[in-house]
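Student: If it helps, the file is called upload_6.cif and holds mmCIF, C-alpha atoms:
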data_protein
#
loop_
_atom_site.label_atom_id
_atom_site.label_comp_id
_atom_site.auth_asym_id
_atom_site.auth_seq_id
_atom_site.Cartn_x
_atom_site.Cartn_y
_atom_site.Cartn_z
CA MET A 788 63.41 39.58 62.20
CA THR A 789 63.10 35.89 61.65
CA SER A 790 61.77 34.56 58.43
CA TYR A 791 60.26 31.13 58.13
CA SER A 792 60.60 28.94 55.13
CA LEU A 793 57.40 27.36 53.94
CA MET A 794 59.25 24.69 52.05
CA ARG A 795 58.28 21.20 53.12
CA VAL A 796 61.13 19.31 54.65
CA SER A 797 61.71 16.34 52.41
CA ARG A 798 64.85 15.07 54.06
CA LEU A 799 65.92 15.06 57.65
CA SER A 800 69.33 15.29 59.25
CA LEU A 801 70.42 12.53 61.60
CA ASP A 802 69.57 14.55 64.68
CA SER A 803 66.20 15.81 63.55
CA PHE A 804 65.34 12.34 62.27
CA ALA A 805 66.25 10.81 65.63
CA GLN A 806 64.22 13.46 67.41
CA ARG A 807 61.17 12.94 65.22
CA ALA A 808 61.47 9.18 65.70
CA GLY A 809 61.88 9.57 69.46
CA ILE A 810 65.06 7.52 69.61
CA HIS A 811 68.72 8.21 70.33
CA PRO A 812 70.83 9.33 67.34
CA GLU A 813 73.28 6.56 68.14
CA LEU A 814 70.53 4.01 67.68
CA VAL A 815 69.72 5.55 64.31
CA ARG A 816 73.36 5.00 63.31
CA ARG A 817 73.16 1.39 64.44
CA LEU A 818 69.99 0.82 62.45
CA VAL A 819 71.78 2.22 59.42
CA ALA A 820 74.75 -0.07 60.04
CA LEU A 821 72.35 -3.03 60.16
CA GLY A 822 70.91 -2.00 56.82
CA LEU A 823 67.48 -1.44 58.37
CA LEU A 824 67.40 2.25 57.45
CA GLU A 825 68.55 3.59 54.13
CA PRO A 826 69.66 7.20 54.32
CA THR A 827 71.57 9.06 51.65
CA ARG A 828 75.03 10.44 52.27
CA ASP A 829 76.02 13.90 51.09
CA GLY A 830 79.48 14.96 49.95
CA SER A 831 80.70 15.50 53.48
CA GLY A 832 79.44 12.10 54.61
CA ARG A 833 76.45 13.42 56.54
CA LEU A 834 73.38 11.21 56.67
CA TRP A 835 70.03 12.39 55.34
CA PHE A 836 66.78 10.54 55.89
CA ALA A 837 63.61 10.62 53.82
CA ALA A 838 60.52 11.22 55.93
CA PRO A 839 58.94 7.79 55.18
CA GLN A 840 61.91 6.21 56.95
CA LEU A 841 60.19 7.31 60.16
CA GLN A 842 57.57 4.66 59.47
CA VAL A 843 60.32 2.08 59.19
CA VAL A 844 61.54 3.04 62.66
CA ALA A 845 58.00 2.74 64.02
CA ARG A 846 57.71 -0.70 62.50
CA ILE A 847 61.06 -1.72 64.00
CA GLN A 848 59.90 -0.50 67.39
CA ARG A 849 56.60 -2.37 67.15
CA LEU A 850 58.27 -5.61 66.12
CA ARG A 851 60.83 -5.22 68.88
CA ALA A 852 58.28 -4.39 71.54
CA GLY A 853 55.59 -6.83 70.49
CA LEU A 854 57.50 -9.90 69.38
CA SER A 855 60.97 -9.44 70.84
CA VAL A 856 62.44 -9.75 67.36
CA ASN A 857 66.16 -9.16 67.74
CA TYR A 858 68.02 -6.66 65.61
CA ALA A 859 69.77 -9.24 63.49
CA ALA A 860 66.47 -10.89 62.57
CA LEU A 861 64.55 -7.64 62.03
CA GLY A 862 65.86 -7.15 58.52
CA LEU A 863 64.79 -10.62 57.52
CA VAL A 864 61.37 -10.28 59.13
CA MET A 865 60.72 -6.95 57.43
CA ASP A 866 61.95 -8.19 54.05
CA LEU A 867 59.66 -11.19 54.28
CA LEU A 868 56.68 -9.07 55.35
CA ASP A 869 57.35 -6.77 52.40
CA ARG A 870 57.49 -9.73 50.06
CA VAL A 871 54.24 -11.10 51.39
CA GLU A 872 52.67 -7.70 50.88
CA ALA A 873 53.94 -7.42 47.31
CA LEU A 874 52.67 -10.92 46.50
CA GLU A 875 49.30 -10.20 48.04
CA ALA A 876 49.03 -6.97 46.07
CA ALA A 877 49.87 -8.84 42.86
CA LEU A 878 47.27 -11.45 43.71
CA ARG A 879 44.68 -8.77 44.35
CA ALA A 880 45.47 -7.13 41.04
CA THR A 881 44.53 -10.34 39.25
CA GLY A 882 41.20 -10.30 41.05
CA ASN A 883 41.97 -13.43 43.04
CA ARG A 884 40.94 -13.80 46.58
CA LEU A 885 43.54 -14.74 49.13
CA PRO A 886 43.26 -18.15 50.71
CA SER A 887 41.22 -17.75 53.85
CA ASN A 888 44.04 -19.03 56.04
CA THR A 889 46.42 -16.34 54.88
CA VAL A 890 47.49 -14.55 57.99
CA ARG A 891 47.31 -11.07 56.56
CA SER A 892 44.13 -11.51 54.62
CA PRO A 893 41.75 -8.86 55.88
CA SER A 894 38.79 -10.54 57.47
CA SER A 895 37.16 -7.47 58.89
CA MET A 896 34.53 -6.10 56.64
CA ALA A 897 33.57 -2.52 56.17
CA ARG A 898 29.99 -2.00 55.16
CA CYS A 899 28.19 0.81 53.44
CA GLU A 900 25.13 2.05 55.18
CA GLU A 901 22.18 3.00 53.13
CA MET B 687 34.81 -6.55 77.56
CA ALA B 688 37.76 -7.96 79.46
CA ARG B 689 37.92 -11.61 78.60
CA ASP B 690 39.23 -14.18 81.02
CA TYR B 691 43.00 -14.29 80.61
CA TYR B 692 43.07 -18.06 80.24
CA ASP B 693 40.36 -17.90 77.58
CA ALA B 694 42.23 -15.11 75.83
CA LEU B 695 45.23 -17.39 75.45
CA GLY B 696 43.13 -20.49 74.82
CA VAL B 697 44.67 -22.44 77.68
CA SER B 698 43.27 -24.27 80.69
CA ARG B 699 43.55 -22.88 84.20
CA THR B 700 46.07 -25.56 85.10
CA VAL B 701 48.39 -24.75 82.20
CA GLY B 702 52.12 -25.05 82.86
CA SER B 703 54.52 -22.20 82.18
CA VAL B 704 56.02 -23.79 79.07
CA GLU B 705 52.67 -24.42 77.48
CA LEU B 706 51.53 -20.95 78.50
CA GLN B 707 54.47 -19.32 76.79
CA GLN B 708 53.95 -21.49 73.74
CA ALA B 709 50.31 -20.42 73.44
CA TYR B 710 51.24 -16.79 73.91
CA ARG B 711 54.09 -16.80 71.37
CA LYS B 712 51.93 -18.45 68.78
CA LEU B 713 49.10 -15.96 69.20
CA ALA B 714 51.50 -13.01 69.37
CA ARG B 715 53.01 -13.99 66.01
CA GLN B 716 49.56 -14.35 64.54
CA TYR B 717 48.08 -11.09 65.79
CA HIS B 718 51.03 -8.72 65.81
CA PRO B 719 49.76 -5.57 64.04
CA ASP B 720 52.69 -5.62 61.61
CA VAL B 721 51.92 -9.19 60.62
CA ASN B 722 48.13 -9.07 60.69
CA ARG B 723 46.53 -6.04 59.05
CA ASP B 724 43.08 -6.80 60.33
CA PRO B 725 41.75 -3.88 62.39
CA GLY B 726 40.67 -6.38 65.05
CA ALA B 727 44.17 -7.79 65.38
CA GLU B 728 45.55 -4.90 67.40
CA GLU B 729 42.92 -5.26 70.12
CA ARG B 730 43.48 -8.99 70.18
CA PHE B 731 47.23 -8.51 70.40
CA LYS B 732 46.84 -6.20 73.37
CA GLU B 733 44.51 -8.68 75.00
CA ILE B 734 46.89 -11.63 74.72
CA SER B 735 49.86 -9.50 75.79
CA GLU B 736 47.97 -8.33 78.84
CA ALA B 737 46.87 -11.88 79.64
CA TYR B 738 50.39 -13.22 79.32
CA SER B 739 51.93 -10.42 81.36
CA VAL B 740 49.65 -11.38 84.22
CA LEU B 741 49.76 -15.15 83.89
CA SER B 742 53.48 -15.49 83.20
CA ASP B 743 54.32 -14.07 86.60
CA PRO B 744 53.52 -16.70 89.25
CA ASP B 745 52.74 -13.99 91.75
CA THR B 746 50.20 -12.06 89.68
CA ARG B 747 48.82 -15.32 88.30
CA ARG B 748 48.08 -16.54 91.80
CA ARG B 749 46.39 -13.25 92.61
CA TYR B 750 44.39 -13.37 89.40
CA ASP B 751 43.29 -16.93 90.12
CA ARG B 752 42.16 -15.89 93.56
CA PHE B 753 40.54 -12.53 92.96
CA GLY B 754 39.66 -12.58 89.27
CA PRO B 755 39.80 -9.58 86.95
CA ASP B 756 39.73 -7.12 89.87
CA PHE B 757 42.89 -8.53 91.38
CA ARG B 758 44.74 -5.26 90.92
CA GLN B 759 42.29 -3.54 93.25
CA ILE B 760 43.00 -5.97 96.06
CA PRO B 761 45.85 -4.65 98.21
CA GLU B 762 48.91 -6.88 98.44
CA GLY B 763 48.63 -7.08 102.18
CA TYR B 764 45.14 -8.50 101.95
CA GLU B 765 46.40 -11.56 100.24
CA ALA B 766 49.23 -11.96 102.70
CA ASN B 767 46.73 -11.89 105.54
CA VAL B 768 44.49 -14.41 103.85
CA ASP B 769 47.51 -16.59 103.27
CA ALA B 770 48.59 -16.28 106.88
CA ALA B 771 45.09 -17.01 108.10
CA GLY B 772 44.90 -20.00 105.83
CA GLY B 773 48.14 -21.20 107.29
CA GLY B 774 49.53 -22.00 103.85
CA GLY B 775 53.16 -20.99 104.23
CA ARG B 776 53.23 -18.97 101.01
CA SER B 777 54.58 -15.50 101.32
CA SER B 778 53.62 -12.83 98.93
CA ARG B 779 56.68 -11.44 97.30
CA GLY B 780 57.49 -7.83 97.85
CA GLY B 781 58.02 -5.56 94.93
CA SER B 782 55.66 -3.98 92.54
CA PRO B 783 51.99 -4.48 93.21
CA PHE B 784 51.40 -4.96 89.53
CA GLY B 785 53.85 -7.70 89.02
CA GLY B 786 56.20 -5.65 86.92
CA GLY B 787 57.13 -8.34 84.44
CA ARG B 788 56.14 -6.83 81.13
CA VAL B 789 56.23 -9.62 78.62
CA TRP B 790 57.28 -7.63 75.66
CA VAL B 791 60.49 -6.44 77.24
CA ASP B 792 61.90 -9.92 76.91
CA SER B 793 65.34 -9.32 75.64
CA ASP B 794 67.02 -11.92 73.54
CA SER B 795 69.34 -12.62 76.37
CA GLY B 796 70.80 -16.03 76.81
CA GLN B 797 71.87 -16.26 73.23
CA GLY B 798 75.11 -14.50 73.87
CA PRO B 799 77.02 -12.59 71.27
CA GLY B 800 76.53 -13.75 67.71
CA PRO B 801 79.34 -15.16 65.59
CA GLY B 802 80.41 -11.67 64.70
CA GLY B 803 81.26 -11.12 68.32
CA ILE B 804 78.86 -8.22 68.66
CA ASP B 805 75.61 -8.54 70.46
CA PHE B 806 73.61 -5.72 69.00
CA ASP B 807 70.89 -6.15 71.50
CA ASP B 808 73.32 -5.54 74.30
CA LEU B 809 74.66 -2.52 72.52
CA PHE B 810 71.23 -1.11 72.05
CA SER B 811 69.58 -1.90 75.29
CA GLY B 812 68.48 1.35 76.79
CA LEU B 813 68.74 3.36 73.62
CA PHE B 814 65.06 2.91 72.97
CA GLY B 815 64.44 4.35 76.39
CA SER B 816 62.08 2.36 78.53
CA ARG B 817 61.17 0.06 75.70
CA GLY B 818 57.63 -1.23 75.78
CA ALA B 819 56.87 0.73 78.88
CA GLY B 820 55.25 3.52 76.95
CA GLY B 821 57.82 5.22 74.73
CA PRO B 822 55.54 6.58 72.03
CA ILE B 823 55.46 4.24 69.03
CA PRO B 824 53.35 5.17 65.99
CA GLY B 825 50.56 2.74 65.14
CA ALA B 826 50.62 0.23 62.29
CA ASP B 827 48.58 0.43 59.10
CA GLN B 828 45.47 -1.73 58.89
CA GLU B 829 43.36 -3.19 56.13
CA ALA B 830 39.72 -4.11 55.83
CA GLU B 831 37.60 -5.24 52.93
CA LEU B 832 34.93 -2.95 51.56
CA GLU B 833 32.35 -4.73 49.47
CA LEU B 834 30.70 -2.54 46.85
CA SER B 835 28.09 -3.28 44.24
CA VAL B 836 29.04 -2.54 40.63
CA GLU B 837 26.65 0.41 40.70
CA GLU B 838 28.29 1.84 43.83
CA ALA B 839 31.73 1.46 42.27
CA TYR B 840 30.47 3.19 39.13
CA ARG B 841 28.91 6.15 40.91
CA GLY B 842 31.35 6.55 43.78
CA GLY B 843 30.53 9.33 46.19
CA SER B 844 30.43 9.84 49.89
CA ARG B 845 29.34 6.89 51.97
CA ARG B 846 28.98 6.12 55.63
CA ILE B 847 31.02 3.06 56.46
CA THR B 848 30.81 0.89 59.54
CA LEU B 849 33.79 -1.18 60.42
CA SER B 850 33.06 -4.22 62.52
CA GLY B 851 35.60 -6.63 63.89
CA ALA B 852 37.75 -4.17 65.81
CA GLY B 853 36.13 -4.20 69.21
CA GLU B 854 33.72 -1.29 69.11
CA PRO B 855 32.25 -0.87 65.63
CA ALA B 856 33.68 2.29 64.15
CA SER B 857 31.74 4.45 61.76
CA PHE B 858 33.03 7.07 59.41
CA GLU B 859 32.44 8.94 56.19
CA VAL B 860 34.40 7.71 53.19
CA THR B 861 34.68 9.27 49.78
CA ILE B 862 34.66 6.51 47.21
CA PRO B 863 36.21 7.67 43.94
CA PRO B 864 33.94 6.88 40.95
CA GLY B 865 35.27 3.87 39.09
CA VAL B 866 37.12 2.08 41.89
CA THR B 867 38.11 -1.36 40.75
CA ASP B 868 38.31 -4.68 42.49
CA GLY B 869 41.38 -4.82 44.74
CA GLN B 870 41.94 -1.07 44.77
CA ARG B 871 42.77 0.42 48.16
CA ILE B 872 41.18 3.51 49.66
CA ARG B 873 43.38 5.16 52.28
CA LEU B 874 41.90 6.65 55.42
CA ALA B 875 44.72 8.58 57.04
CA GLY B 876 45.05 8.13 60.79
CA ARG B 877 42.26 5.55 61.02
CA GLY B 878 44.58 2.58 61.51
CA GLY B 879 46.30 1.18 64.58
CA GLN B 880 46.64 3.48 67.53
CA GLY B 881 50.06 4.75 68.44
CA SER B 882 51.22 4.36 71.98
CA GLY B 883 51.52 7.53 74.01
CA ASP B 884 50.98 10.56 71.83
CA ALA B 885 52.46 8.93 68.73
CA ALA B 886 50.54 9.08 65.46
CA ALA B 887 48.01 6.43 64.49
CA GLY B 888 48.55 4.32 61.36
CA ASP B 889 46.37 4.47 58.27
CA LEU B 890 43.39 2.29 57.48
CA TYR B 891 43.18 0.91 53.97
CA LEU B 892 39.84 -0.24 52.63
CA VAL B 893 40.41 -2.91 50.00
CA VAL B 894 37.58 -2.71 47.50
CA ARG B 895 35.87 -5.96 46.68
CA LEU B 896 33.21 -5.87 43.98
CA ALA B 897 30.23 -8.01 44.94
CA PRO B 898 29.13 -10.56 42.33
CA HIS B 899 26.39 -9.00 40.23
CA PRO B 900 23.45 -10.86 38.68
CA ARG B 901 23.99 -9.18 35.30
CA TYR B 902 27.37 -7.49 35.16
CA ARG B 903 30.68 -9.29 34.89
CA VAL B 904 33.55 -6.93 35.66
CA ASN B 905 37.08 -7.31 34.39
CA GLY B 906 39.23 -4.38 35.49
CA ARG B 907 37.18 -1.43 34.26
CA ASP B 908 35.41 -3.35 31.49
CA ILE B 909 31.93 -4.64 32.08
CA SER B 910 30.22 -7.44 30.18
CA VAL B 911 26.50 -7.94 30.12
CA ASP B 912 24.30 -10.45 28.34
CA LEU B 913 22.05 -9.03 25.66
CA PRO B 914 19.16 -11.41 24.88
CA LEU B 915 17.84 -11.19 21.33
CA ALA B 916 14.95 -12.71 19.43
CA PRO B 917 16.04 -14.74 16.36
CA TRP B 918 14.56 -12.21 13.96
CA GLU B 919 16.29 -9.31 15.76
CA ALA B 920 19.61 -11.10 15.38
CA ALA B 921 18.94 -11.98 11.75
CA LEU B 922 17.53 -8.67 10.62
CA GLY B 923 19.40 -6.30 12.90
CA ALA B 924 17.80 -4.16 15.54
CA SER B 925 18.30 -1.31 17.90
CA VAL B 926 17.71 -2.61 21.43
CA PRO B 927 18.00 -1.09 24.89
CA VAL B 928 20.64 -2.36 27.32
CA ILE B 929 20.85 -1.43 30.98
CA THR B 930 24.29 -0.16 31.97
CA PRO B 931 25.44 1.06 35.42
CA GLY B 932 25.17 4.57 33.99
CA GLY B 933 21.60 4.08 32.82
CA GLU B 934 19.88 2.78 29.72
CA ALA B 935 21.77 2.79 26.44
CA LYS B 936 20.75 1.84 22.91
CA VAL B 937 22.73 -0.83 21.11
CA ARG B 938 22.55 -1.22 17.36
CA VAL B 939 22.73 -4.92 16.61
CA PRO B 940 23.98 -5.47 13.05
CA ALA B 941 21.99 -7.83 10.87
CA GLY B 942 23.29 -11.39 10.88
CA SER B 943 24.66 -11.40 14.45
CA SER B 944 24.99 -14.74 16.21
CA THR B 945 25.14 -15.67 19.90
CA GLY B 946 28.49 -14.78 21.46
CA ARG B 947 29.10 -11.70 19.38
CA ARG B 948 30.35 -8.89 21.58
CA LEU B 949 29.25 -5.38 20.81
CA ARG B 950 31.38 -2.72 22.42
CA LEU B 951 29.91 0.41 23.93
CA ARG B 952 32.99 2.53 24.21
CA GLY B 953 33.48 4.27 27.56
CA GLU B 954 30.33 2.78 29.12
CA GLY B 955 32.32 0.65 31.61
CA LEU B 956 33.63 1.86 34.96
CA PRO B 957 34.85 5.46 34.82
CA ASN B 958 38.53 6.17 35.35
CA PRO B 959 39.45 9.31 37.29
CA ARG B 960 42.92 9.23 35.77
CA GLY B 961 42.43 8.14 32.19
CA THR B 962 40.11 6.47 29.75
CA PRO B 963 37.05 4.78 31.18
CA GLY B 964 36.40 1.08 30.68
CA ASP B 965 34.13 -0.25 27.94
CA LEU B 966 30.86 -2.11 28.20
CA TYR B 967 30.44 -5.27 26.14
CA ALA B 968 26.97 -6.46 25.25
CA GLU B 969 27.23 -10.20 24.58
CA LEU B 970 24.53 -11.35 22.25
CA LYS B 971 22.45 -14.30 23.31
CA ILE B 972 19.73 -15.47 20.98
CA MET B 973 16.61 -16.72 22.73
CA VAL B 974 13.64 -18.52 21.23
CA PRO B 975 10.08 -18.56 22.53
CA ARG B 976 9.37 -21.58 24.70
CA GLU B 977 6.02 -22.12 23.01
CA LEU B 978 4.84 -21.25 19.54
CA THR B 979 1.39 -20.53 18.25
CA PRO B 980 0.34 -22.65 15.25
CA ARG B 981 0.91 -19.65 13.01
CA GLN B 982 4.42 -19.05 14.35
CA ARG B 983 5.29 -22.72 13.99
CA GLU B 984 4.16 -22.55 10.38
CA LEU B 985 6.39 -19.55 9.73
CA PHE B 986 9.45 -21.21 11.30
CA GLU B 987 8.81 -24.36 9.30
CA GLU B 988 8.59 -22.34 6.13
CA LEU B 989 11.85 -20.57 7.00
CA GLY B 990 13.49 -23.93 7.67
CA ARG B 991 12.41 -25.30 4.29
CA ASP B 992 13.56 -22.22 2.47
CA SER B 993 16.97 -21.79 4.14
CA THR B 994 20.15 -23.66 3.26
CA PHE B 995 21.93 -22.31 6.36
CA ASP B 996 23.73 -25.01 8.37
CA PRO B 997 25.17 -23.56 11.58
CA ARG B 998 27.23 -26.77 12.11
CA ARG B 999 29.16 -26.54 8.88
CA GLY B 1000 31.96 -24.11 8.08
CA ARG B 1001 31.54 -20.49 8.92
#
How does this structure look as structure tokens?

Tutor:
Amino acid sequence: MTSYSLMRVSRLSLDSFAQRAGIHPELVRRLVALGLLEPTRDGSGRLWFAAPQLQVVARIQRLRAGLSVNYAALGLVMDLLDRVEALEAALRATGNRLPSNTVRSPSSMARCEE
Amino acid sequence: MARDYYDALGVSRTVGSVELQQAYRKLARQYHPDVNRDPGAEERFKEISEAYSVLSDPDTRRRYDRFGPDFRQIPEGYEANVDAAGGGGRSSRGGSPFGGGRVWVDSDSGQGPGPGGIDFDDLFSGLFGSRGAGGPIPGADQEAELELSVEEAYRGGSRRITLSGAGEPASFEVTIPPGVTDGQRIRLAGRGGQGSGDAAAGDLYLVVRLAPHPRYRVNGRDISVDLPLAPWEAALGASVPVITPGGEAKVRVPAGSSTGRRLRLRGEGLPNPRGTPGDLYAELKIMVPRELTPRQRELFEELGRDSTFDPRRGR
């Protein structure tokens, strides 16, 4: 009889991470070597990935596919995007509006219907 | 729906390949869903990518110029025949009827190995599978502004929201937590950018923007409101009603209150689902009647003669 654990998986092994991300495990290793993914290492040196790292892979794939950003530049691009986001969040917290020419300023409006 | 490819890239029909690429690169940087969180950006990005993939290939560009948006429906051979009939010695290239050349697969070739001697992109090519050609990639998160009145932010509740700007207007039910503040984000899971293939969609974040209110000034969760008073109410003290987002409240104005005094109504500001609610400040503002009856004028004059109060000296 098989029993199933109901525990939520909070960390993923290299192989299951690669499978969930839809990429080759070797590529996952390369992304780690480039400092683009940040897994933890257990005592035996095995890599473990937190689930949100899957979103990092998706972002890498989108930037690769959409803008041809090369691997060396990806880290820089993502760091800068993160910094922009942090600055925008800080600006929002002070109740300031972003300058209208800010690229990431949301211009779409959601409206409540009566 | 399908815009003209030249219009989509903002270029003329006679544009050269360098200028075409320049226009495309610029727009791609601007509308990439990881750079631009606007829900409309993804559609726009797809549009310019599609336009460039067609126009950057001389073969498909020629076919597009000739047959317009339906060029894919025209068989290759048809064009060849037209060409032959026209006697213009162009030959239609063999190969894929759809021009193959996907723009986004551009590798960073030509740069050669970096100083470290390793060209990662060479190492990796292929590991992503057929990159760009439909390997499922989860969608990006998006952001849109949601303007709420102070009353709506106070009450919260379930609202129907229409999102314009992203192609087809989307409409969905959103639960607004009571006491959302300016700049707070409401997450709608799976309502963001679409994933390719069967990959998951991103999330949509609604950034709350409180609309300017004729009476309420909001600072975080605290709300200030003017409280107009007659001179005798301010001098003698009074209990006066003040309208708050939660309804009418009574404020006890202490005798001898001047304009600018702030009376705090604890907890009457915006509610806080995770802590103490904000406060409401009634800011006293003494008003005088524009016109006086002879009797009232007499009374004020008498008060003036009797009083030694000089508001401009000391305090």

Student: In terms of the shortest atom-to-atom distance over only C-alpha atoms, which of A:Arg870, A:Arg798, A:Arg833, A:Arg849 is closest to chain B?

Tutor: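 Closest residue, counting only C-alpha atoms: A:Arg849.
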
Student: What does the distance from atom CA of B:Gly883 to atom CA of B:Thr861 come to in Å, to one decimal?

Tutor: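 According to the coordinates, atom CA of B:Gly883 and atom CA of B:Thr861 are separated by 29.6 Å.
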
Student: I need the residue set behind the PyMOL selection byres ((chain B and resi 712-719) around 7) for this file; please write it as a PyMOL selection string.

Tutor: (chain A and resi 853-854+890) or (chain B and resi 708-711+720-723+727-728+730-731+826)

Student: Check which residues satisfy the PyMOL selection byres ((chain A and resi 819) around 12) in the file shown, then give them as a ChimeraX atom specification.

Tutor: /A:801,805,812-818,820-828,834-836,840,843-844,858,862

Student: Any chance you could resolve the PyMOL selection byres ((chain B and resi 864) around 12) against this file and give the residues as a list in words?

Tutor: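 For this structure, the PyMOL selection byres ((chain B and resi 864) around 12) captures Leu834, Val836, Glu837, Glu838, Ala839, Tyr840, Arg841, Gly842, Gly843, Ser844, Arg845, Thr861, Ile862, Pro863, Gly865, Val866, Thr867, Gln870, Ile872, Arg907, Pro931, Gly932, Gly955, Leu956, Pro957, Asn958, Pro959, Arg960 and Pro963 of chain B.
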
Student: In Å, with one decimal, what is the gap from atom CA of B:Gly876 to atom CA of B:Gly888?

Tutor: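 One can read the atom CA of B:Gly876 to atom CA of B:Gly888 distance as 5.2 Å.
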
Student: Any idea what the distance is between atom CA of A:Gln842 and atom CA of B:Ser857?

Tutor: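 Rounded to one decimal, the two atoms are 25.9 Å apart.
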
Student: Looking at A:Leu874, A:Ala852, A:Ala838, A:Met865, which one is nearest to chain B, with distances taken over only C-alpha atoms?

Tutor: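 Closest to chain B, using only C-alpha atoms: A:Ala852.
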